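**Student:** PDB, C-alpha atoms, pLDDT in the B column, saved as run-v5.pdb, coming up:
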```pdb
ATOM      1  CA  PRO A1455      35.310  32.937  41.936  1.00 82.00           C
ATOM      2  CA  SER A1456      32.505  31.761  44.221  1.00 88.00           C
ATOM      3  CA  VAL A1457      31.161  33.384  47.382  1.00 92.00           C
ATOM      4  CA  ASP A1458      30.550  30.910  50.202  1.00 94.00           C
ATOM      5  CA  ALA A1459      27.217  32.479  51.166  1.00 96.00           C
ATOM      6  CA  ASN A1460      26.004  32.146  47.572  1.00 93.00           C
ATOM      7  CA  LEU A1461      27.054  28.483  47.415  1.00 95.00           C
ATOM      8  CA  VAL A1462      24.996  27.792  50.538  1.00 96.00           C
ATOM      9  CA  THR A1463      22.064  29.742  49.094  1.00 95.00           C
ATOM     10  CA  SER A1464      22.260  27.683  45.894  1.00 95.00           C
ATOM     11  CA  PHE A1465      22.295  24.493  47.964  1.00 96.00           C
ATOM     12  CA  LEU A1466      19.229  25.532  49.971  1.00 95.00           C
ATOM     13  CA  ASN A1467      17.411  26.636  46.790  1.00 94.00           C
ATOM     14  CA  LEU A1468      17.875  23.212  45.204  1.00 94.00           C
ATOM     15  CA  LEU A1469      16.964  21.370  48.388  1.00 94.00           C
ATOM     16  CA  SER A1470      13.802  23.451  48.849  1.00 92.00           C
ATOM     17  CA  ILE A1471      12.701  22.605  45.304  1.00 92.00           C
ATOM     18  CA  PHE A1472      12.842  18.881  46.061  1.00 91.00           C
ATOM     19  CA  LEU A1473      11.577  18.965  49.648  1.00 88.00           C
ATOM     20  CA  GLY A1474       9.348  22.048  49.579  1.00 80.00           C
ATOM     21  CA  PRO A1475       5.540  22.177  49.247  1.00 77.00           C
ATOM     22  CA  ASP A1476       5.688  21.379  45.523  1.00 72.00           C
ATOM     23  CA  GLY A1477       8.409  18.735  45.841  1.00 72.00           C
ATOM     24  CA  CYS A1478       8.140  15.062  46.764  1.00 64.00           C
ATOM     25  CA  ASP A1479       5.622  14.095  49.455  1.00 59.00           C
ATOM     26  CA  LEU A1480       7.632  13.035  52.494  1.00 58.00           C
ATOM     27  CA  LYS A1481       4.650  12.203  54.685  1.00 55.00           C
ATOM     28  CA  ARG A1482       4.850   8.755  56.176  1.00 48.00           C
ATOM     29  CA  GLY A1483       3.024   6.246  54.031  1.00 52.00           C
ATOM     30  CA  HIS A1484       3.723   8.028  50.742  1.00 65.00           C
ATOM     31  CA  LEU A1485       7.379   7.008  50.590  1.00 68.00           C
ATOM     32  CA  PRO A1486       8.828   3.610  51.499  1.00 72.00           C
ATOM     33  CA  ASP A1487      11.787   5.273  53.225  1.00 79.00           C
ATOM     34  CA  PRO A1488      11.463   9.054  53.822  1.00 82.00           C
ATOM     35  CA  VAL A1489      14.887   9.288  55.496  1.00 85.00           C
ATOM     36  CA  LYS A1490      16.669   7.815  52.468  1.00 87.00           C
ATOM     37  CA  ALA A1491      14.696  10.122  50.173  1.00 87.00           C
ATOM     38  CA  VAL A1492      15.811  13.186  52.153  1.00 90.00           C
ATOM     39  CA  GLN A1493      19.422  11.938  52.102  1.00 91.00           C
ATOM     40  CA  THR A1494      19.229  11.440  48.325  1.00 92.00           C
ATOM     41  CA  TYR A1495      17.995  14.961  47.641  1.00 93.00           C
ATOM     42  CA  LEU A1496      20.434  16.454  50.155  1.00 94.00           C
ATOM     43  CA  ALA A1497      23.414  14.721  48.509  1.00 95.00           C
ATOM     44  CA  PHE A1498      22.317  15.704  44.976  1.00 96.00           C
ATOM     45  CA  SER A1499      21.715  19.323  46.006  1.00 96.00           C
ATOM     46  CA  ALA A1500      25.165  19.545  47.613  1.00 96.00           C
ATOM     47  CA  ILE A1501      26.894  18.150  44.521  1.00 96.00           C
ATOM     48  CA  TRP A1502      25.181  20.606  42.179  1.00 96.00           C
ATOM     49  CA  SER A1503      25.678  23.685  44.342  1.00 95.00           C
ATOM     50  CA  LEU A1504      28.833  23.370  46.454  1.00 94.00           C
ATOM     51  CA  GLY A1505      30.456  21.316  43.688  1.00 94.00           C
ATOM     52  CA  ALA A1506      28.892  22.955  40.641  1.00 93.00           C
ATOM     53  CA  ASN A1507      31.261  25.855  39.972  1.00 90.00           C
ATOM     54  CA  ILE A1508      34.439  23.766  39.847  1.00 90.00           C
ATOM     55  CA  HIS A1509      36.786  23.349  36.891  1.00 88.00           C
ATOM     56  CA  ASP A1510      36.731  19.886  35.312  1.00 87.00           C
ATOM     57  CA  SER A1511      40.307  19.274  36.419  1.00 91.00           C
ATOM     58  CA  ALA A1512      39.300  19.593  40.084  1.00 93.00           C
ATOM     59  CA  ARG A1513      36.010  17.680  40.022  1.00 93.00           C
ATOM     60  CA  ASN A1514      37.633  14.375  40.983  1.00 94.00           C
ATOM     61  CA  THR A1515      39.213  16.024  44.018  1.00 96.00           C
ATOM     62  CA  PHE A1516      35.841  17.393  45.109  1.00 96.00           C
ATOM     63  CA  GLY A1517      34.130  14.062  44.388  1.00 95.00           C
ATOM     64  CA  ASP A1518      36.602  12.092  46.515  1.00 95.00           C
ATOM     65  CA  ALA A1519      36.276  14.522  49.421  1.00 95.00           C
ATOM     66  CA  PHE A1520      32.484  14.557  49.116  1.00 95.00           C
ATOM     67  CA  LYS A1521      32.207  10.751  49.116  1.00 94.00           C
ATOM     68  CA  THR A1522      34.500  10.483  52.146  1.00 93.00           C
ATOM     69  CA  THR A1523      32.161  12.815  54.045  1.00 93.00           C
ATOM     70  CA  ILE A1524      28.805  11.594  52.756  1.00 93.00           C
ATOM     71  CA  LYS A1525      29.503   7.875  53.270  1.00 91.00           C
ATOM     72  CA  LYS A1526      29.755   8.510  57.019  1.00 90.00           C
ATOM     73  CA  HIS A1527      26.046   9.358  56.900  1.00 87.00           C
ATOM     74  CA  ILE A1528      24.916   7.430  53.797  1.00 87.00           C
ATOM     75  CA  PRO A1529      27.017   4.223  53.624  1.00 88.00           C
ATOM     76  CA  GLU A1530      25.204   3.058  50.479  1.00 87.00           C
ATOM     77  CA  PHE A1531      26.112   6.192  48.502  1.00 90.00           C
ATOM     78  CA  PRO A1532      27.226   4.887  45.075  1.00 90.00           C
ATOM     79  CA  ASP A1533      30.875   4.651  44.070  1.00 90.00           C
ATOM     80  CA  GLY A1534      32.104   6.389  40.937  1.00 91.00           C
ATOM     81  CA  ASP A1535      31.969   9.967  39.654  1.00 94.00           C
ATOM     82  CA  VAL A1536      29.483  11.893  41.830  1.00 95.00           C
ATOM     83  CA  TYR A1537      28.524  14.052  38.832  1.00 95.00           C
ATOM     84  CA  GLU A1538      27.334  11.010  36.876  1.00 95.00           C
ATOM     85  CA  PHE A1539      24.399  10.235  39.186  1.00 95.00           C
ATOM     86  CA  GLY A1540      21.055  11.962  38.812  1.00 94.00           C
ATOM     87  CA  ILE A1541      17.692  11.830  40.527  1.00 91.00           C
ATOM     88  CA  ASP A1542      15.376   8.903  39.851  1.00 88.00           C
ATOM     89  CA  SER A1543      12.269  10.826  40.916  1.00 82.00           C
ATOM     90  CA  GLU A1544      10.004   7.782  40.682  1.00 82.00           C
ATOM     91  CA  HIS A1545      11.949   5.861  43.335  1.00 83.00           C
ATOM     92  CA  HIS A1546      13.577   8.871  45.076  1.00 86.00           C
ATOM     93  CA  ARG A1547      17.083   7.519  44.671  1.00 88.00           C
ATOM     94  CA  LEU A1548      20.308   8.312  42.842  1.00 92.00           C
ATOM     95  CA  ALA A1549      20.689   6.586  39.478  1.00 92.00           C
ATOM     96  CA  PRO A1550      23.238   6.973  36.652  1.00 94.00           C
ATOM     97  CA  TRP A1551      22.318   9.635  34.100  1.00 94.00           C
ATOM     98  CA  THR A1552      23.027   7.011  31.423  1.00 93.00           C
ATOM     99  CA  GLU A1553      19.844   5.190  32.519  1.00 92.00           C
ATOM    100  CA  GLN A1554      17.772   8.302  31.788  1.00 90.00           C
ATOM    101  CA  ILE A1555      18.853   8.993  28.199  1.00 91.00           C
ATOM    102  CA  PRO A1556      15.727   9.167  25.988  1.00 88.00           C
ATOM    103  CA  GLN A1557      15.581   7.436  22.626  1.00 89.00           C
ATOM    104  CA  PHE A1558      16.829   9.612  19.758  1.00 88.00           C
ATOM    105  CA  LYS A1559      14.311  10.286  16.986  1.00 87.00           C
ATOM    106  CA  TYR A1560      15.679  11.841  13.815  1.00 86.00           C
ATOM    107  CA  ASN A1561      13.572  14.661  12.405  1.00 84.00           C
ATOM    108  CA  PRO A1562      14.535  15.349   8.749  1.00 87.00           C
ATOM    109  CA  LYS A1563      12.658  18.672   8.803  1.00 84.00           C
ATOM    110  CA  ILE A1564      15.041  20.442  11.167  1.00 82.00           C
ATOM    111  CA  SER A1565      18.457  21.884  10.344  1.00 82.00           C
ATOM    112  CA  PHE A1566      21.502  19.669  10.815  1.00 81.00           C
ATOM    113  CA  PHE A1567      22.954  22.270  13.198  1.00 76.00           C
ATOM    114  CA  GLU A1568      19.835  22.136  15.390  1.00 76.00           C
ATOM    115  CA  ILE A1569      19.980  18.371  15.891  1.00 81.00           C
ATOM    116  CA  LEU A1570      20.846  17.352  19.455  1.00 84.00           C
ATOM    117  CA  VAL A1571      21.593  13.690  20.081  1.00 88.00           C
ATOM    118  CA  PRO A1572      20.796  13.027  23.755  1.00 88.00           C
ATOM    119  CA  THR A1573      23.707  11.964  25.950  1.00 91.00           C
ATOM    120  CA  ALA A1574      24.246  11.684  29.699  1.00 91.00           C
ATOM    121  CA  ASP A1575      25.519  15.288  29.689  1.00 90.00           C
ATOM    122  CA  THR A1576      22.532  16.741  27.811  1.00 91.00           C
ATOM    123  CA  VAL A1577      20.124  14.870  30.113  1.00 93.00           C
ATOM    124  CA  LYS A1578      22.056  16.089  33.168  1.00 93.00           C
ATOM    125  CA  TYR A1579      22.091  19.765  32.274  1.00 93.00           C
ATOM    126  CA  LYS A1580      18.551  19.875  30.918  1.00 93.00           C
ATOM    127  CA  PHE A1581      17.337  18.349  34.202  1.00 93.00           C
ATOM    128  CA  LEU A1582      19.136  21.024  36.215  1.00 94.00           C
ATOM    129  CA  ILE A1583      17.885  23.851  33.965  1.00 94.00           C
ATOM    130  CA  LYS A1584      14.307  22.556  34.065  1.00 93.00           C
ATOM    131  CA  THR A1585      14.380  22.053  37.842  1.00 93.00           C
ATOM    132  CA  LEU A1586      15.757  25.511  38.647  1.00 94.00           C
ATOM    133  CA  ILE A1587      13.876  27.567  36.052  1.00 93.00           C
ATOM    134  CA  GLY A1588      10.644  25.700  36.787  1.00 90.00           C
ATOM    135  CA  SER A1589      10.891  26.987  40.359  1.00 91.00           C
ATOM    136  CA  GLY A1590      11.709  30.559  39.387  1.00 91.00           C
ATOM    137  CA  HIS A1591      15.483  30.543  39.920  1.00 93.00           C
ATOM    138  CA  ASN A1592      18.106  32.005  37.603  1.00 93.00           C
ATOM    139  CA  VAL A1593      20.672  29.637  36.097  1.00 93.00           C
ATOM    140  CA  LEU A1594      24.261  30.354  35.072  1.00 92.00           C
ATOM    141  CA  ILE A1595      25.883  27.708  32.876  1.00 92.00           C
ATOM    142  CA  THR A1596      29.672  27.932  32.675  1.00 89.00           C
ATOM    143  CA  GLY A1597      32.194  25.993  30.637  1.00 86.00           C
ATOM    144  CA  GLU A1598      34.858  26.146  27.969  1.00 86.00           C
ATOM    145  CA  THR A1599      34.038  27.324  24.444  1.00 85.00           C
ATOM    146  CA  GLY A1600      32.371  24.697  22.249  1.00 82.00           C
ATOM    147  CA  VAL A1601      31.145  22.276  24.925  1.00 83.00           C
ATOM    148  CA  GLY A1602      27.484  22.758  23.941  1.00 85.00           C
ATOM    149  CA  LYS A1603      26.119  25.179  26.548  1.00 90.00           C
ATOM    150  CA  SER A1604      24.058  27.147  24.024  1.00 91.00           C
ATOM    151  CA  VAL A1605      22.850  24.049  22.167  1.00 89.00           C
ATOM    152  CA  VAL A1606      21.570  22.365  25.343  1.00 91.00           C
ATOM    153  CA  THR A1607      19.891  25.586  26.520  1.00 93.00           C
ATOM    154  CA  LYS A1608      18.180  26.234  23.185  1.00 91.00           C
ATOM    155  CA  ASP A1609      16.997  22.621  23.060  1.00 89.00           C
ATOM    156  CA  PHE A1610      15.443  23.060  26.511  1.00 91.00           C
ATOM    157  CA  LEU A1611      13.742  26.302  25.452  1.00 93.00           C
ATOM    158  CA  ALA A1612      12.379  24.631  22.301  1.00 89.00           C
ATOM    159  CA  THR A1613      10.707  21.937  24.402  1.00 87.00           C
ATOM    160  CA  ALA A1614       9.807  24.053  27.463  1.00 89.00           C
ATOM    161  CA  PRO A1615       6.261  23.780  28.874  1.00 88.00           C
ATOM    162  CA  GLU A1616       3.576  25.980  27.295  1.00 90.00           C
ATOM    163  CA  GLU A1617       3.521  28.297  30.327  1.00 92.00           C
ATOM    164  CA  PHE A1618       6.916  29.679  29.268  1.00 94.00           C
ATOM    165  CA  VAL A1619       7.884  32.009  26.444  1.00 94.00           C
ATOM    166  CA  SER A1620      11.503  32.828  25.735  1.00 95.00           C
ATOM    167  CA  ALA A1621      13.805  35.280  24.005  1.00 94.00           C
ATOM    168  CA  CYS A1622      17.515  35.061  23.222  1.00 94.00           C
ATOM    169  CA  VAL A1623      19.855  37.997  23.786  1.00 94.00           C
ATOM    170  CA  ASN A1624      23.383  37.663  22.395  1.00 94.00           C
ATOM    171  CA  PHE A1625      26.136  39.577  24.132  1.00 95.00           C
ATOM    172  CA  SER A1626      29.201  40.768  22.202  1.00 95.00           C
ATOM    173  CA  GLY A1627      32.205  42.933  22.914  1.00 94.00           C
ATOM    174  CA  LYS A1628      30.181  45.957  21.781  1.00 94.00           C
ATOM    175  CA  THR A1629      27.009  45.281  23.794  1.00 95.00           C
ATOM    176  CA  THR A1630      25.920  48.297  25.856  1.00 94.00           C
ATOM    177  CA  THR A1631      23.441  48.673  28.708  1.00 95.00           C
ATOM    178  CA  LYS A1632      21.078  50.393  26.233  1.00 96.00           C
ATOM    179  CA  ASN A1633      21.230  47.316  23.965  1.00 95.00           C
ATOM    180  CA  LEU A1634      20.278  45.101  26.894  1.00 95.00           C
ATOM    181  CA  GLN A1635      17.456  47.374  28.017  1.00 95.00           C
ATOM    182  CA  ASP A1636      16.072  47.537  24.460  1.00 95.00           C
ATOM    183  CA  ALA A1637      16.258  43.726  24.138  1.00 94.00           C
ATOM    184  CA  PHE A1638      14.301  43.247  27.358  1.00 93.00           C
ATOM    185  CA  GLU A1639      11.699  45.903  26.667  1.00 93.00           C
ATOM    186  CA  GLY A1640      11.315  44.794  23.046  1.00 93.00           C
ATOM    187  CA  ASN A1641      10.316  41.289  24.101  1.00 94.00           C
ATOM    188  CA  LEU A1642       7.837  42.323  26.785  1.00 94.00           C
ATOM    189  CA  GLU A1643       4.356  43.804  26.534  1.00 93.00           C
ATOM    190  CA  ALA A1644       3.190  47.031  28.154  1.00 92.00           C
ATOM    191  CA  LYS A1645       0.807  46.049  30.951  1.00 91.00           C
ATOM    192  CA  ARG A1646       0.446  49.498  32.472  1.00 89.00           C
ATOM    193  CA  LYS A1647       2.229  52.810  32.056  1.00 87.00           C
ATOM    194  CA  THR A1648       5.206  51.701  34.138  1.00 88.00           C
ATOM    195  CA  LEU A1649       4.837  47.917  33.983  1.00 92.00           C
ATOM    196  CA  LEU A1650       6.132  45.493  31.370  1.00 94.00           C
ATOM    197  CA  GLY A1651       5.545  41.742  31.304  1.00 93.00           C
ATOM    198  CA  PRO A1652       5.200  38.632  29.138  1.00 93.00           C
ATOM    199  CA  PRO A1653       1.913  37.708  27.412  1.00 90.00           C
ATOM    200  CA  GLY A1654      -0.954  36.990  29.796  1.00 87.00           C
ATOM    201  CA  GLY A1655      -0.593  33.796  31.813  1.00 88.00           C
ATOM    202  CA  LYS A1656       2.973  33.202  30.610  1.00 93.00           C
ATOM    203  CA  LYS A1657       6.397  33.346  32.229  1.00 94.00           C
ATOM    204  CA  MET A1658       9.310  34.859  30.315  1.00 95.00           C
ATOM    205  CA  ILE A1659      12.724  33.224  30.120  1.00 96.00           C
ATOM    206  CA  PHE A1660      15.557  35.413  28.842  1.00 96.00           C
ATOM    207  CA  PHE A1661      18.516  33.428  27.530  1.00 96.00           C
ATOM    208  CA  ILE A1662      21.636  35.608  27.682  1.00 96.00           C
ATOM    209  CA  ASP A1663      24.287  33.999  25.486  1.00 94.00           C
ATOM    210  CA  ASP A1664      28.004  34.757  25.959  1.00 92.00           C
ATOM    211  CA  VAL A1665      27.470  36.722  29.160  1.00 92.00           C
ATOM    212  CA  ASN A1666      31.245  37.200  29.545  1.00 91.00           C
ATOM    213  CA  MET A1667      31.658  39.098  26.251  1.00 93.00           C
ATOM    214  CA  PRO A1668      30.909  42.806  26.976  1.00 95.00           C
ATOM    215  CA  GLN A1669      34.009  44.982  26.960  1.00 94.00           C
ATOM    216  CA  LEU A1670      35.355  46.149  30.325  1.00 94.00           C
ATOM    217  CA  ASP A1671      34.955  49.838  31.118  1.00 92.00           C
ATOM    218  CA  ARG A1672      37.680  52.016  32.621  1.00 93.00           C
ATOM    219  CA  TYR A1673      36.849  50.713  36.101  1.00 93.00           C
ATOM    220  CA  GLY A1674      37.143  47.043  35.116  1.00 92.00           C
ATOM    221  CA  SER A1675      33.413  46.280  35.228  1.00 93.00           C
ATOM    222  CA  GLN A1676      31.023  45.177  32.474  1.00 95.00           C
ATOM    223  CA  PRO A1677      28.039  47.588  32.500  1.00 95.00           C
ATOM    224  CA  PRO A1678      25.569  45.215  30.722  1.00 95.00           C
ATOM    225  CA  CYS A1679      26.389  42.491  33.274  1.00 94.00           C
ATOM    226  CA  GLU A1680      25.899  44.954  36.122  1.00 93.00           C
ATOM    227  CA  LEU A1681      22.492  45.947  34.741  1.00 93.00           C
ATOM    228  CA  LEU A1682      21.597  42.278  34.311  1.00 90.00           C
ATOM    229  CA  ARG A1683      22.620  41.609  37.910  1.00 88.00           C
TER
END
```
Show the structure stored in the file as C-alpha cells.
**Tutor:**
Amino acid sequence: PSVDANLVTSFLNLLSIFLGPDGCDLKRGHLPDPVKAVQTYLAFSAIWSLGANIHDSARNTFGDAFKTTIKKHIPEFPDGDVYEFGIDSEHHRLAPWTEQIPQFKYNPKISFFEILVPTADTVKYKFLIKTLIGSGHNVLITGETGVGKSVVTKDFLATAPEEFVSACVNFSGKTTTKNLQDAFEGNLEAKRKTLLGPPGGKKMIFFIDDVNMPQLDRYGSQPPCELLR
C-alpha cells in the first residue's frame, strides 16, 4: 500500500534532483527551450513516483490515464508505454530506454552468475538508483521473485563512483534487530565514542536484500524493518 503524502514527497524529491541547484541549468541561454525541459523532468518524475509502486498488471491503466492528462499540457508527449521512456540528459527530452543501452563487453574473468547483459530494464533501474542515491535518497525496489532486483542493484554497487562504499545485508525469516544492528555497526568505523561512520571522505550505501523476509512478531510487525525505518 502507498500513502498519498509519500507519493507526493517522492515526486518532489525526484523533481528537485533534476531542477535543483545541482540539476540542469534552466537559466535562459543555457537551454534552447527551458519550458520544455521543465515539462520533461516533471513528466518523468510523476511517472516514477506516482506511478512507480503499481503492479505490472495495472501499469497500462495508469499510463493511459497519465497520457490523457499530460497531453493537455504537453501535446508532443510520446505515444507508447510511459515506462519505456527515460531522460536524455544531453538534450533534456524523453527518449526510449532502448536508445541508451550500452554495448555489452564480455569479461571472461568474472563468474557466469555475475554477468549482466544490459537491457532497457537494467538501464532504466540503474538510472533511477543512481539518480536517487546520488542525491542522498533511500530507494526501495519492489517486484516479483526472480525479476533481477538484486542483480541490477549489485551491478550498480560494483560500478558506483569512488565516493561510495557499500555493504550487503541479507534478511531472512530468522533475522533479528540485533542482527541488523551488528551488520550496520560492523561495517562502519568508530569516529568518536558515540559516532560511527564510513571511511573518511566516503558515503556508505547499505543494500538490504529481501527486506520482506523477517518473521512477523505477535503484533504483526517485523522488528528489523521497524529498526531500519
**Student:** Give as a VMD selection string the residues that the PyMOL selection byres ((chain A and resi 1470-1479) around 12) matches when applied to the coordinates above.
**Tutor:** chain A and resid 1463 to 1469 1480 to 1489 1491 to 1499 1541 to 1547 1582 1584 to 1591
**Student:** Go ahead and compute the interatomic distance for atom CA of A:Pro1572 and atom CA of A:Val1606, in Å to one decimal.
**Tutor:** 9.5 Å
**Student:** Run the PyMOL selection byres ((chain A and resi 1532) around 12) mentally over the shown coordinates, then write out the matched residues as a PyMOL selection string, using the chain letters and numbers from the document.
**Tutor:** chain A and resi 1494+1497-1498+1517-1518+1520-1522+1524-1525+1528-1531+1533-1540+1547-1550
**Student:** Give me the residues within 8 Å of A:Gly1627 as a PDB file with C-alpha atoms, keeping the file's coordinate frame, counting only C-alpha atoms and dropping any in the same chain fewer than 4 places off.
**Tutor:**
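Contents of result.pdb, freshly written:
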```pdb
ATOM      1  CA  MET A1667      31.658  39.098  26.251  1.00 93.00           C
ATOM      2  CA  PRO A1668      30.909  42.806  26.976  1.00 95.00           C
ATOM      3  CA  GLN A1669      34.009  44.982  26.960  1.00 94.00           C
TER       4      GLN A1669
END
```
**Student:** I'd like the residues picked by the PyMOL selection byres ((chain A and resi 1555) around 10) written out as a list in words, using the chain letters and numbers from the file.
**Tutor:** Pro1550, Trp1551, Thr1552, Glu1553, Gln1554, Pro1556, Gln1557, Phe1558, Val1571, Pro1572, Thr1573, Ala1574, Asp1575, Thr1576, Val1577 and Lys1578 of chain A
**Student:** Include C-alpha atoms and write out the residues we just selected as a CSV table (one decimal), in the frame of the given file.
**Tutor:**
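The resulting file, again_33.csv, is shown below:
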```csv
chain,number,residue,atom,x,y,z
A,1550,PRO,CA,23.2,7.0,36.7
A,1551,TRP,CA,22.3,9.6,34.1
A,1552,THR,CA,23.0,7.0,31.4
A,1553,GLU,CA,19.8,5.2,32.5
A,1554,GLN,CA,17.8,8.3,31.8
A,1556,PRO,CA,15.7,9.2,26.0
A,1557,GLN,CA,15.6,7.4,22.6
A,1558,PHE,CA,16.8,9.6,19.8
A,1571,VAL,CA,21.6,13.7,20.1
A,1572,PRO,CA,20.8,13.0,23.8
A,1573,THR,CA,23.7,12.0,26.0
A,1574,ALA,CA,24.2,11.7,29.7
A,1575,ASP,CA,25.5,15.3,29.7
A,1576,THR,CA,22.5,16.7,27.8
A,1577,VAL,CA,20.1,14.9,30.1
A,1578,LYS,CA,22.1,16.1,33.2
```
**Student:** Can you measure atom CA of A:Glu1617 to atom CA of A:Pro1652 for me? One decimal in Å is fine.
**Tutor:**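 Separating atom CA of A:Glu1617 from atom CA of A:Pro1652 is a distance of 10.5 Å.
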**Student:** Enter the distance from atom CA of A:Lys1580 to atom CA of A:Leu1642, in Å, rounded to one decimal.
**Tutor:**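 Those two atoms sit 25.2 Å apart.
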**Student:** Nearest to A:Ala1506: which of A:Gly1640, A:Gly1597, A:Pro1678, A:Pro1615 is it, counting all atoms listed in the file?
**Tutor:**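 Of all the options, A:Gly1597 lies closest to A:Ala1506.
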**Student:** Report the centre and edge lengths, in Å to one decimal, of an axis-aligned box enclosing every atom of stretch 1531-1535 of chain A listed in the file, padded by 3 Å on each side, as JSON.
**Tutor:**
```
{"center_x": 29.1, "center_y": 7.3, "center_z": 44.1, "size_x": 12.0, "size_y": 11.3, "size_z": 14.8}
```
**Student:** Taking (35.0, 25.0, 29.1) in the file's coordinates, which residues come within 12 Å, counting all atoms listed in the file, written as an MDAnalysis selection string?
**Tutor:** chainID A and resid 1507:1511 1595:1603
**Student:** Need to verify the contact set: A:Pro1653, 9 Å, only C-alpha atoms, exclusion of same-chain residues closer than 5 positions in sequence. Can you return it as an NGL selection string?
**Tutor:** :A and (1619 or 1642-1643 or 1658)
